[in-house]
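Below is one structure, written out as structure tokens, with a few remarks after it.
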Amino acid sequence: MQNLLHNLNQEQLQAVTLPAQSALILAGAGSGKTRVLTTRIAWLIQTGQISSGGVLAVTFTNKAAKEMLVRLSAMLPVNTRGMWIGTFHGLCNRLLRAHHRDAGLPQTFQIMDSADQMAFIKRLLKANQIDDEKFPPKTLMYFINSAKEQGLRPREVDAYDEFNRKLVQIYEMYEQQCQREGVVDFAELLLRTYEMLVHNQPLREHYQARFRHILVDEFQDTNDLQYRWLKLLAGVGTRTPAAVFAVGDDDQSIYAFRGANVGNMTAFEQEFAVENLIKLEQNYRSHGHILDSANILIANNSKRLGKNLRTDAGQGEQVRVMEASSDIQEANWILDEVRSLVREGSPYNEIAVLYRSNAQSRVIEHALFSANMPYRVYGGLRFFERAEIKHAIAYLQLMDNPHNDAAFLRVVNFPARGIGARSLEQLQDAARQHQLSLYAAVPYVAGKAGATMGQFVRLIESTRFETQSMPLPEMVDMVLDRSQLKQHYQTEKEGADRVENLEQLVNAAVLFVTEEGFGKDAPAFAGPRAENITVISSGDVQIVDAEAALPAVMSPLAAFLSHASLEAGDNQAQAGQDALQLMTVHSAKGLEFNNVFITGLEEGLFPHENSAQEEAGLEEERRLMYVAITRARRRLYLSFSQTRMLHGQTRYNLRSRFLDELPEESLKWLSPQTKPGWFSPPRKAAWDDNPASGVNQIASQMRKQGGQDNGWRPGQNVSHPKFGEGVIVQLEGSGSQARAHINFGKFGMKLLDLSVAKLEKI
DNA sequence: GGAAATATATTTTTT
DNA sequence: ATATATTTCC
């Protein structure tokens with residue numbers, strides 16, 4: 001016990017040892033949040049307040065769940081595999097597998113990821129001859145997902161006009177099709193579990209009685225459905241509600257755009273009768289100037305629960321600020337600074353370059369690549385998203401559930417078997433006519449087309465028969481062979497990587513069965529192991545109690561397929577070697593580095609123009625900046641550029657308002673400070689060793705774009721009586737027709753008539 | 001069946 | 001500018 005608690009500070013200790021009631025922990029960046037969470041679990045178990053099976057811990061990402069498990073097993077001698085620790089979706093998957101009948105799902109239901117869902121909707125529209133111009137798949141996907149996130153089934157959605165009535169109708173068809181195929185999307189995992197517990201009293205009471213302590217990580221990221229899910233499982237409103245330990249940071253809420261609702265934190269305080277609100281404000285990560293910058297920046301937000309980070313580490317170095325003349329020069333400057341950091345002894349992987357949007361990485365990558373500097377870009381294709389892996393997974397899905405039409409369509413003619421669009425049309429007609437899955441409809445297709453597709457069906461059936469008693473890895477290997485997938489890529493000229501990936505899939509299966517505790521030889525198709533199932537009687541009803549461990553609730557194959565959908569794998573490129581870390585600010589959340597560059601600090605980019613119009617959007621951008629700043633331990637660089645290529649056009653941006661919100665005394669300008677805006681007198685700068693970049697390039701661009709100038713030209717700083725200072729981004733028309741696109745920062749882009757607008761050059 | 005041409009969008013992302 | 005999706009053509 002002493003060991004568990006002795007390294008905690010006052011606030012942390014208080015949080016860890018709170019009584020068994022719901023509590024809200026406001027955990028600032030770098031305040032030891034994960035540590036508090038895991039120590040709390042360990043402490044609860046060690047003091048005998050709960051058994052390891054009575055704890056439920058929820059995270060958003062698999063990475064966070066894994067980290068919690070690792071740390072916990074270092075603290076406690078318990079088998080963490082059997083504990084209910086996981087993502088919302090992972091936990092729901094387990095519950096639904098164990099209770100698939102109560103949930104109205106086939107045991108072999110399969111999970112669609114977002115890409116699958118999008119394809120599914122497109123297919124649905126086509127099959128029902130719905131105009132995808134009038135009803136764009138994207139819109140539908142958003143509509144369906146948000147309906148589900150509000151807990152609404154089609155019949156419960158309010159449709160007040162013709163268009164919305166049609167959307168609801170498609171939503172209904174979507175659901176029926178999902179049910180027919182035995183597939184569920186991500187939101188459905190949550191909603192199904194929620195509904196199952198609402199409607200099934202014994203089951204609900206069973207789990208409410210079981211989980212007396214529920215811990216939630218990144219609570220500020222919960223959406224409405226997740227909140228209701230927690231409320232239900234915790235038994236809020238019952239006589240004996242569970243204790244919910246919610247850890248989050250409203251200042252780091254950066255996912256409102258995908259449904260996260262920070263308001264859940266205040267709702268939680270009230271509805272869960274929180275008596276203990278603890279703020280973890282001691283920061284163990286960053287030096288003083290960095291923290292001051294973060295604190296002062298975020299103080300500009302109005303809707304906050306209120307929190308101020310402090311450190312014992314001393315002020316440290318000032319934050320370095322750089323104004324570049326172009327994005328290319330910005331990249332070259334980064335390159336030089338990185339070189340000098342490395343000379344001073346920093347490893348590459350302790351240096352991160354952050355940007356607001358992915359497109360910005362190009363220019364930086366180009367500079368790094370030319371200089372032969374090792375770097376790693378986060379956010380690429382993940383393992384299970386690769387085409388060849390998706391194909392292999394589709395075969396495996398058909399082994400377990402042949403009625404998955406998406407899987408069927410993906411591989412029925414891959415590798416090519418002479419099954420073209422015409423055959424598939426016939427098949428789709430037959431399927432619609434008989435209300436069957438494509439697979440089941442094959443016998444109803446006559447002629448050569450039917451025969452060829454029949455061969456495919458027999459391929460699936462015979463492979464299933466052959467692999468029936470094989471362990472998962474062997475089965476996967478066999479499927480790769482029988483499907484001809486491997487052979488296909490082996491004969492393709494650029495297929496070597498793909499073959500390698502397919503072989504990796506077999507390794508992934510080996511790793512998976514070992515890690516999840518399936519016996520090494522357990523047949524891939526073997527259902528839940530009987531010895532893991534406890535039947536509990538509750539009055540007249542028998543409840544099969546779900547164990548957390550995967551073997552208790554599903555077959556190795558089903559588990560592996562879930563794994564493929566729920567954990568798409570690492571989204572970073574070549575791991576391993578010491579390399580510079582490039583990523584968006586969003587993907588940097590939760591990470592920390594000794595040295596951080598925040599680049600592209602310009603109006604329109606960061607804050608992004610699409611967010612700057614509304615107050616809420618702007619505040620989220622500011623929180624994003626707060627997240628970015630607090631990634632840095634020792635040295636922080638901020639940079640912006642006068643010009644930048646975006647969508648094939650040169651843009652002239654004002655510097656970000658966020659820069660002006662930082663405390664002057666914490667900043668150290670590396671470039672001469674200019675008026676916000678564009679052109680300062682051409683200067684020969686030490687960092688500019690590339691004559692084609694920087695000022696010279698702008699001069700040549702100006703010559704190109706110059707056109708008729710009456711003194712108006714792109715890049716000119718102007719002042720407007722109403723909109724204040726801005727930069728001319730683009731000119732169009734001439735003479736009395738001349739108009740200018742002007743970026744006014746806070747007021748956004750305006751198109752003004754030059755002969756009318758009262759503009760002044762500055 | 002697959003390459004070439006054409007259209008289209010382009011903030012952030014996990015499950 | 002560029003990547004991706006869809007359509008068109010051989």
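All residue names refer to the structure tokens as shown: chains lettered A, B, ... in order, residues numbered from 1 in each chain, ligands numbered from 1 in order.
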Kindly provide, as an MDAnalysis selection string, the residues of chain C having any atom no farther than 12 Å from an atom of chain A, counting only C-alpha atoms (C1' of nucleotides).
chainID C and resid 1:3
Using N, CA and C atoms (P, O5', C5', C4', C3', O3' and C1' of nucleotides), can you export the residues from the last selection as a PDB file, in the first residue's frame?
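Wrote it out as again-v9.pdb, contents follow:
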```
ATOM      1  P    DA C   1       0.473  24.329 -59.781  1.00  0.00           P
ATOM      2  O5'  DA C   1       0.124  23.463 -58.473  1.00  0.00           O
ATOM      3  C5'  DA C   1       0.994  23.553 -57.355  1.00  0.00           C
ATOM      4  C4'  DA C   1       0.763  22.376 -56.445  1.00  0.00           C
ATOM      5  C3'  DA C   1       1.010  21.003 -57.062  1.00  0.00           C
ATOM      6  O3'  DA C   1       1.653  20.217 -56.063  1.00  0.00           O
ATOM      7  C1'  DA C   1      -1.217  21.123 -56.284  1.00  0.00           C
ATOM      8  P    DT C   2       2.219  18.789 -56.436  1.00  0.00           P
ATOM      9  O5'  DT C   2       1.021  17.891 -55.890  1.00  0.00           O
ATOM     10  C5'  DT C   2       0.363  18.284 -54.695  1.00  0.00           C
ATOM     11  C4'  DT C   2      -0.707  17.253 -54.393  1.00  0.00           C
ATOM     12  C3'  DT C   2      -0.552  15.962 -55.190  1.00  0.00           C
ATOM     13  O3'  DT C   2      -0.747  14.933 -54.293  1.00  0.00           O
ATOM     14  C1'  DT C   2      -2.719  16.790 -55.446  1.00  0.00           C
ATOM     15  P    DA C   3      -0.471  13.478 -54.396  1.00  0.00           P
ATOM     16  O5'  DA C   3      -1.800  12.968 -53.706  1.00  0.00           O
ATOM     17  C5'  DA C   3      -2.228  13.323 -52.436  1.00  0.00           C
ATOM     18  C4'  DA C   3      -3.652  12.824 -52.396  1.00  0.00           C
ATOM     19  C3'  DA C   3      -3.801  11.387 -52.897  1.00  0.00           C
ATOM     20  O3'  DA C   3      -4.636  10.674 -52.015  1.00  0.00           O
ATOM     21  C1'  DA C   3      -5.203  12.818 -54.150  1.00  0.00           C
TER      22       DA C   3
END
```
For the helix (DSSP H, G or I) assignment from backbone DSSP, which residues of segment 295-445 of chain A qualify? Please present them as a count of residues only.
82
DSSP on the backbone: what in segment 63-204 of chain A comes out strand (DSSP E or B), as a ChimeraX atom specification?
/A:84-87,110-111,183-184
Chain A contacts to chain B at 9 Å (only C-alpha atoms (C1' of nucleotides)) as JSON, numbers by chain:
{"A": [60, 61, 62, 87, 88, 89, 90, 113, 114, 186, 187, 254, 255, 257, 258, 356, 357, 358, 359, 416, 565, 566, 567, 584, 585, 586, 587, 605, 608, 610, 611, 647]}
Go ahead and dump the residues you just picked, N, CA, C and O atoms, as a compact mmCIF listing (two decimals), in the first residue's frame.
```
# COMPACT_ATOMS: atom_id res chain seq x y z
N PHE A 60 -11.02 5.76 -24.52
CA PHE A 60 -11.45 6.01 -25.90
C PHE A 60 -10.63 5.25 -26.91
O PHE A 60 -11.12 4.83 -27.94
N THR A 61 -9.35 5.11 -26.61
CA THR A 61 -8.49 4.45 -27.58
C THR A 61 -7.94 3.15 -27.00
O THR A 61 -7.83 2.98 -25.79
N ASN A 62 -7.63 2.25 -27.89
CA ASN A 62 -7.04 0.99 -27.47
C ASN A 62 -5.69 1.20 -26.82
O ASN A 62 -5.31 0.49 -25.90
N THR A 87 -12.04 -0.04 -24.45
CA THR A 87 -12.71 1.11 -25.04
C THR A 87 -14.22 0.91 -24.93
O THR A 87 -14.69 -0.22 -24.72
N PHE A 88 -14.97 1.97 -25.06
CA PHE A 88 -16.43 1.85 -25.07
C PHE A 88 -16.84 0.76 -26.05
O PHE A 88 -17.64 -0.12 -25.73
N HIS A 89 -16.27 0.83 -27.25
CA HIS A 89 -16.69 -0.11 -28.29
C HIS A 89 -16.25 -1.53 -28.00
O HIS A 89 -17.00 -2.48 -28.23
N GLY A 90 -15.03 -1.67 -27.49
CA GLY A 90 -14.53 -3.01 -27.18
C GLY A 90 -15.37 -3.67 -26.10
O GLY A 90 -15.72 -4.86 -26.20
N ASP A 113 -16.24 -0.86 -40.02
CA ASP A 113 -15.57 0.40 -39.69
C ASP A 113 -16.16 1.51 -40.57
O ASP A 113 -17.07 1.25 -41.36
N SER A 114 -15.66 2.72 -40.42
CA SER A 114 -16.28 3.86 -41.13
C SER A 114 -16.26 3.68 -42.64
O SER A 114 -17.22 4.03 -43.33
N PHE A 186 -20.15 1.26 -35.75
CA PHE A 186 -19.58 1.62 -34.45
C PHE A 186 -20.64 2.15 -33.48
O PHE A 186 -20.72 1.73 -32.32
N ALA A 187 -21.47 3.06 -33.96
CA ALA A 187 -22.48 3.64 -33.07
C ALA A 187 -23.47 2.57 -32.62
O ALA A 187 -23.97 2.61 -31.49
N ILE A 254 -11.11 18.65 -27.75
CA ILE A 254 -10.84 19.07 -29.13
C ILE A 254 -11.58 18.19 -30.14
O ILE A 254 -11.24 18.17 -31.31
N TYR A 255 -12.61 17.49 -29.65
CA TYR A 255 -13.31 16.59 -30.56
C TYR A 255 -14.80 16.86 -30.66
O TYR A 255 -15.58 15.96 -30.99
N PHE A 257 -16.20 18.30 -32.94
CA PHE A 257 -16.61 18.10 -34.33
C PHE A 257 -17.04 16.67 -34.63
O PHE A 257 -17.70 16.40 -35.61
N ARG A 258 -16.68 15.76 -33.76
CA ARG A 258 -17.15 14.40 -33.99
C ARG A 258 -18.09 13.96 -32.88
O ARG A 258 -18.21 12.77 -32.58
N ARG A 356 -1.58 22.14 -38.02
CA ARG A 356 -3.02 22.06 -37.84
C ARG A 356 -3.65 21.05 -38.80
O ARG A 356 -4.56 20.31 -38.45
N SER A 357 -3.22 21.05 -40.05
CA SER A 357 -3.83 20.15 -41.02
C SER A 357 -2.77 19.35 -41.77
O SER A 357 -1.65 19.81 -41.98
N ASN A 358 -3.13 18.16 -42.17
CA ASN A 358 -2.19 17.23 -42.78
C ASN A 358 -1.47 17.77 -44.00
O ASN A 358 -0.30 17.46 -44.22
N ALA A 359 -2.20 18.59 -44.78
CA ALA A 359 -1.61 19.10 -46.02
C ALA A 359 -0.31 19.85 -45.76
O ALA A 359 0.57 19.93 -46.62
N ALA A 416 -9.64 -11.86 -59.92
CA ALA A 416 -10.65 -11.94 -60.98
C ALA A 416 -11.05 -13.38 -61.29
O ALA A 416 -10.20 -14.26 -61.42
N SER A 565 -11.52 -4.71 -36.89
CA SER A 565 -12.37 -3.54 -37.08
C SER A 565 -12.17 -2.50 -36.00
O SER A 565 -12.25 -1.31 -36.24
N LEU A 566 -11.94 -2.96 -34.78
CA LEU A 566 -11.88 -2.04 -33.65
C LEU A 566 -10.48 -1.49 -33.42
O LEU A 566 -10.31 -0.46 -32.78
N GLU A 567 -9.48 -2.20 -33.88
CA GLU A 567 -8.11 -1.71 -33.73
C GLU A 567 -7.43 -1.79 -35.08
O GLU A 567 -6.82 -2.79 -35.42
N THR A 584 -0.27 16.00 -36.81
CA THR A 584 -1.22 17.07 -36.55
C THR A 584 -1.29 17.30 -35.05
O THR A 584 -0.92 16.43 -34.26
N VAL A 585 -1.80 18.46 -34.67
CA VAL A 585 -1.95 18.74 -33.25
C VAL A 585 -2.90 17.72 -32.62
O VAL A 585 -2.67 17.25 -31.51
N HIS A 586 -3.94 17.36 -33.37
CA HIS A 586 -4.88 16.37 -32.82
C HIS A 586 -4.18 15.07 -32.46
O HIS A 586 -4.40 14.52 -31.39
N SER A 587 -3.35 14.58 -33.35
CA SER A 587 -2.72 13.29 -33.03
C SER A 587 -1.64 13.41 -31.98
O SER A 587 -1.18 12.40 -31.45
N LEU A 605 -5.58 29.24 -40.93
CA LEU A 605 -5.02 27.90 -40.81
C LEU A 605 -5.17 27.42 -39.37
O LEU A 605 -5.62 26.31 -39.11
N HIS A 608 -8.36 27.64 -37.79
CA HIS A 608 -8.80 27.31 -39.13
C HIS A 608 -9.98 28.17 -39.53
O HIS A 608 -10.83 28.48 -38.70
N ASN A 610 -12.62 27.60 -41.15
CA ASN A 610 -13.96 27.02 -40.98
C ASN A 610 -14.44 27.07 -39.53
O ASN A 610 -15.60 26.83 -39.26
N SER A 611 -13.54 27.32 -38.62
CA SER A 611 -13.92 27.33 -37.21
C SER A 611 -14.03 28.73 -36.67
O SER A 611 -14.62 28.95 -35.62
N HIS A 647 -4.02 24.64 -51.78
CA HIS A 647 -4.89 24.31 -52.90
C HIS A 647 -4.36 24.89 -54.20
O HIS A 647 -5.11 25.41 -55.02
```
Nearest-residue call for Leu759 of chain A, choices A:Ser736, A:Ser639, A:Ser346, A:Ser719, using only C-alpha atoms:
A:Ser719
